[in-house]
file upload-v2.cif (mmCIF, N, CA and C atoms)
data_entry
loop_
_atom_site.label_atom_id
_atom_site.label_comp_id
_atom_site.auth_asym_id
_atom_site.auth_seq_id
_atom_site.Cartn_x
_atom_site.Cartn_y
_atom_site.Cartn_z
N LEU E 4 0.81 -1.20 0.00
CA LEU E 4 0.00 0.00 0.00
C LEU E 4 0.86 1.26 0.00
N LYS E 5 2.12 1.15 0.43
CA LYS E 5 3.01 2.31 0.37
C LYS E 5 3.23 2.74 -1.08
N HIS E 6 3.35 1.77 -1.96
CA HIS E 6 3.52 2.08 -3.38
C HIS E 6 2.26 2.77 -3.92
N LEU E 7 1.12 2.30 -3.53
CA LEU E 7 -0.14 2.90 -3.94
C LEU E 7 -0.26 4.33 -3.40
N ASP E 8 0.14 4.53 -2.15
CA ASP E 8 0.15 5.89 -1.59
C ASP E 8 1.01 6.81 -2.44
N TYR E 9 2.17 6.32 -2.84
CA TYR E 9 3.09 7.12 -3.65
C TYR E 9 2.47 7.45 -5.01
N LEU E 10 1.87 6.47 -5.66
CA LEU E 10 1.25 6.71 -6.97
C LEU E 10 0.14 7.74 -6.86
N ILE E 11 -0.66 7.65 -5.83
CA ILE E 11 -1.74 8.62 -5.63
C ILE E 11 -1.17 10.01 -5.40
N GLU E 12 -0.08 10.08 -4.62
CA GLU E 12 0.55 11.37 -4.36
C GLU E 12 1.11 12.00 -5.64
N VAL E 13 1.75 11.19 -6.47
CA VAL E 13 2.40 11.71 -7.68
C VAL E 13 1.41 11.93 -8.82
N LEU E 14 0.52 10.95 -9.05
CA LEU E 14 -0.37 11.00 -10.22
C LEU E 14 -1.74 11.58 -9.92
N GLY E 15 -2.17 11.46 -8.68
CA GLY E 15 -3.53 11.86 -8.31
C GLY E 15 -4.46 10.66 -8.31
N GLU E 16 -5.48 10.72 -7.50
CA GLU E 16 -6.36 9.57 -7.32
C GLU E 16 -7.20 9.24 -8.55
N ASP E 17 -7.29 10.15 -9.51
CA ASP E 17 -8.06 9.89 -10.73
C ASP E 17 -7.23 9.21 -11.82
N ARG E 18 -5.95 8.96 -11.54
CA ARG E 18 -5.07 8.38 -12.55
C ARG E 18 -4.40 7.09 -12.09
N VAL E 19 -4.98 6.45 -11.10
CA VAL E 19 -4.44 5.21 -10.55
C VAL E 19 -5.52 4.13 -10.63
N GLY E 20 -5.13 2.93 -11.06
CA GLY E 20 -6.07 1.83 -11.12
C GLY E 20 -5.36 0.50 -11.13
N PHE E 21 -6.06 -0.54 -10.73
CA PHE E 21 -5.50 -1.88 -10.70
C PHE E 21 -5.76 -2.59 -12.02
N GLY E 22 -4.76 -3.32 -12.48
CA GLY E 22 -4.94 -4.23 -13.59
C GLY E 22 -5.16 -5.64 -13.04
N SER E 23 -5.54 -6.55 -13.89
CA SER E 23 -5.79 -7.92 -13.43
C SER E 23 -4.96 -8.93 -14.19
N ASP E 24 -3.90 -8.48 -14.85
CA ASP E 24 -3.03 -9.37 -15.61
C ASP E 24 -1.98 -9.94 -14.66
N TYR E 25 -2.23 -11.12 -14.16
CA TYR E 25 -1.34 -11.75 -13.20
C TYR E 25 -0.30 -12.65 -13.87
N ASP E 26 -0.38 -12.87 -15.17
CA ASP E 26 0.54 -13.78 -15.85
C ASP E 26 1.98 -13.30 -15.70
N GLY E 27 2.80 -14.15 -15.10
CA GLY E 27 4.21 -13.85 -14.94
C GLY E 27 4.56 -12.93 -13.80
N ALA E 28 3.56 -12.42 -13.09
CA ALA E 28 3.82 -11.50 -11.98
C ALA E 28 4.07 -12.30 -10.70
N VAL E 29 4.96 -11.79 -9.89
CA VAL E 29 5.19 -12.36 -8.56
C VAL E 29 4.26 -11.62 -7.60
N MET E 30 3.34 -12.35 -7.02
CA MET E 30 2.33 -11.74 -6.16
C MET E 30 2.45 -12.29 -4.74
N PRO E 31 2.09 -11.49 -3.75
CA PRO E 31 2.07 -12.00 -2.38
C PRO E 31 1.02 -13.10 -2.23
N ASP E 32 1.20 -13.95 -1.23
CA ASP E 32 0.28 -15.07 -1.02
C ASP E 32 -1.17 -14.63 -0.87
N GLN E 33 -1.40 -13.46 -0.28
CA GLN E 33 -2.76 -12.98 -0.06
C GLN E 33 -3.45 -12.57 -1.36
N LEU E 34 -2.68 -12.43 -2.46
CA LEU E 34 -3.23 -12.03 -3.76
C LEU E 34 -2.84 -13.04 -4.84
N HIS E 35 -3.05 -14.31 -4.55
CA HIS E 35 -2.62 -15.38 -5.44
C HIS E 35 -3.23 -15.31 -6.83
N ASP E 36 -4.43 -14.79 -6.97
CA ASP E 36 -5.06 -14.56 -8.27
C ASP E 36 -6.17 -13.51 -8.07
N VAL E 37 -6.88 -13.19 -9.15
CA VAL E 37 -7.86 -12.11 -9.06
C VAL E 37 -9.00 -12.40 -8.09
N SER E 38 -9.22 -13.67 -7.78
CA SER E 38 -10.29 -13.99 -6.82
C SER E 38 -9.96 -13.47 -5.42
N ALA E 39 -8.71 -13.11 -5.18
CA ALA E 39 -8.30 -12.62 -3.87
C ALA E 39 -8.31 -11.09 -3.78
N LEU E 40 -8.75 -10.41 -4.83
CA LEU E 40 -8.78 -8.95 -4.79
C LEU E 40 -9.60 -8.37 -3.64
N PRO E 41 -10.64 -9.04 -3.16
CA PRO E 41 -11.32 -8.51 -1.97
C PRO E 41 -10.36 -8.34 -0.77
N ASN E 42 -9.33 -9.18 -0.69
CA ASN E 42 -8.33 -9.02 0.37
C ASN E 42 -7.66 -7.65 0.27
N LEU E 43 -7.39 -7.23 -0.95
CA LEU E 43 -6.75 -5.93 -1.17
C LEU E 43 -7.71 -4.80 -0.80
N ARG E 44 -8.97 -4.94 -1.16
CA ARG E 44 -9.96 -3.92 -0.78
C ARG E 44 -10.04 -3.78 0.74
N HIS E 45 -10.03 -4.90 1.45
CA HIS E 45 -10.07 -4.85 2.92
C HIS E 45 -8.82 -4.16 3.46
N ALA E 46 -7.66 -4.47 2.88
CA ALA E 46 -6.41 -3.83 3.32
C ALA E 46 -6.45 -2.33 3.06
N MET E 47 -7.04 -1.92 1.95
CA MET E 47 -7.15 -0.49 1.64
C MET E 47 -8.04 0.21 2.66
N THR E 48 -9.13 -0.44 3.06
CA THR E 48 -10.00 0.13 4.09
C THR E 48 -9.24 0.24 5.41
N ASP E 49 -8.54 -0.82 5.78
CA ASP E 49 -7.77 -0.81 7.02
C ASP E 49 -6.67 0.25 6.99
N HIS E 50 -6.17 0.55 5.80
CA HIS E 50 -5.10 1.54 5.61
C HIS E 50 -5.64 2.97 5.71
N GLY E 51 -6.98 3.10 5.65
CA GLY E 51 -7.59 4.42 5.80
C GLY E 51 -8.18 5.02 4.54
N TYR E 52 -8.18 4.27 3.45
CA TYR E 52 -8.81 4.76 2.23
C TYR E 52 -10.33 4.71 2.39
N ASP E 53 -11.02 5.76 1.94
CA ASP E 53 -12.47 5.73 2.01
C ASP E 53 -13.04 4.99 0.80
N GLU E 54 -14.33 4.69 0.87
CA GLU E 54 -14.98 3.89 -0.18
C GLU E 54 -14.95 4.58 -1.53
N ILE E 55 -15.04 5.89 -1.56
CA ILE E 55 -14.99 6.62 -2.83
C ILE E 55 -13.65 6.40 -3.52
N LEU E 56 -12.55 6.52 -2.78
CA LEU E 56 -11.22 6.31 -3.34
C LEU E 56 -11.03 4.86 -3.77
N ILE E 57 -11.48 3.93 -2.97
CA ILE E 57 -11.34 2.52 -3.30
C ILE E 57 -12.07 2.20 -4.60
N LYS E 58 -13.27 2.72 -4.77
CA LYS E 58 -14.02 2.48 -6.01
C LYS E 58 -13.29 3.07 -7.21
N LYS E 59 -12.73 4.26 -7.06
CA LYS E 59 -11.98 4.87 -8.16
C LYS E 59 -10.82 3.96 -8.58
N ILE E 60 -10.06 3.51 -7.60
CA ILE E 60 -8.87 2.71 -7.89
C ILE E 60 -9.24 1.34 -8.43
N CYS E 61 -10.28 0.73 -7.88
CA CYS E 61 -10.64 -0.63 -8.28
C CYS E 61 -11.34 -0.71 -9.63
N HIS E 62 -12.14 0.31 -9.99
CA HIS E 62 -12.83 0.18 -11.28
C HIS E 62 -13.26 1.49 -11.93
N GLU E 63 -13.63 2.48 -11.16
CA GLU E 63 -14.20 3.68 -11.79
C GLU E 63 -13.21 4.42 -12.69
N ASN E 64 -11.94 4.50 -12.28
CA ASN E 64 -10.97 5.19 -13.13
C ASN E 64 -10.80 4.47 -14.47
N TRP E 65 -10.74 3.13 -14.43
CA TRP E 65 -10.63 2.37 -15.68
C TRP E 65 -11.86 2.56 -16.55
N LEU E 66 -13.02 2.50 -15.96
CA LEU E 66 -14.25 2.67 -16.75
C LEU E 66 -14.31 4.04 -17.40
N ARG E 67 -13.86 5.07 -16.69
CA ARG E 67 -13.84 6.42 -17.25
C ARG E 67 -12.88 6.49 -18.45
N VAL E 68 -11.68 5.95 -18.30
CA VAL E 68 -10.69 5.99 -19.38
C VAL E 68 -11.17 5.16 -20.57
N LEU E 69 -11.68 3.98 -20.32
CA LEU E 69 -12.18 3.15 -21.42
C LEU E 69 -13.35 3.81 -22.12
N GLY E 70 -14.23 4.45 -21.36
CA GLY E 70 -15.36 5.16 -21.97
C GLY E 70 -14.89 6.28 -22.88
N LYS E 71 -13.87 7.02 -22.44
CA LYS E 71 -13.34 8.11 -23.27
C LYS E 71 -12.61 7.57 -24.49
N THR E 72 -11.95 6.42 -24.34
CA THR E 72 -11.16 5.85 -25.42
C THR E 72 -12.04 5.13 -26.44
N TRP E 73 -12.93 4.29 -25.96
CA TRP E 73 -13.76 3.46 -26.82
C TRP E 73 -15.13 4.06 -27.08
N GLY E 74 -15.51 5.05 -26.33
CA GLY E 74 -16.85 5.61 -26.43
C GLY E 74 -17.76 4.97 -25.40
N SER E 75 -18.76 5.69 -25.01
CA SER E 75 -19.65 5.20 -23.95
C SER E 75 -20.39 4.02 -24.39
#
call {"tool": "encode", "arguments": {"input": "upload-v2.cif", "output": "structure tokens"}}
result
Amino acid sequence: LKHLDYLIEVLGEDRVGFGSDYDGAVMPDQLHDVSALPNLRHAMTDHGYDEILIKKICHENWLRVLGKTWGS
């Protein structure tokens, strides 16, 4: 989450989002595959992120960018 804090600080909360391409990535045991992403959401809440920020990072930012790129 320290890395995520840094990205939000540098890029802003509207320019940060999670990808789900786990192929070839070394992931912690708690995030063994995309089915474990709720673990990350819980950690973000425990870290002090509010629900609005979590939604932006988890999906809303991607949906906004894809909508602008591909059209609504």
call {"tool": "select_by_dssp", "arguments": {"input": "upload-v2.cif", "residues": "chain E", "states": "alpha helix (DSSP H)", "output": "ChimeraX atom specification"}}
result
/E:5-14,40-50,54-58,64-73
call {"tool": "atom_distance", "arguments": {"input": "upload-v2.cif", "atom1": "atom C of Leu10 (chain E)", "atom2": "atom C of His45 (chain E)"}}
result
18.1 Å
call {"tool": "atom_distance", "arguments": {"input": "upload-v2.cif", "atom1": "CA of Ala46 (chain E)", "atom2": "CA of Leu34 (chain E)"}}
result
11.3 Å
call {"tool": "resolve_selection", "arguments": {"input": "upload-v2.cif", "expression": "the PyMOL selection byres ((chain E and resi 48-65) around 6.5)", "output": "MDAnalysis selection string"}}
result
chainID E and resid 16:21 43:47 66:70
call {"tool": "atom_distance", "arguments": {"input": "upload-v2.cif", "atom1": "atom N of Pro41 (chain E)", "atom2": "atom N of Asp26 (chain E)"}}
result
16.3 Å
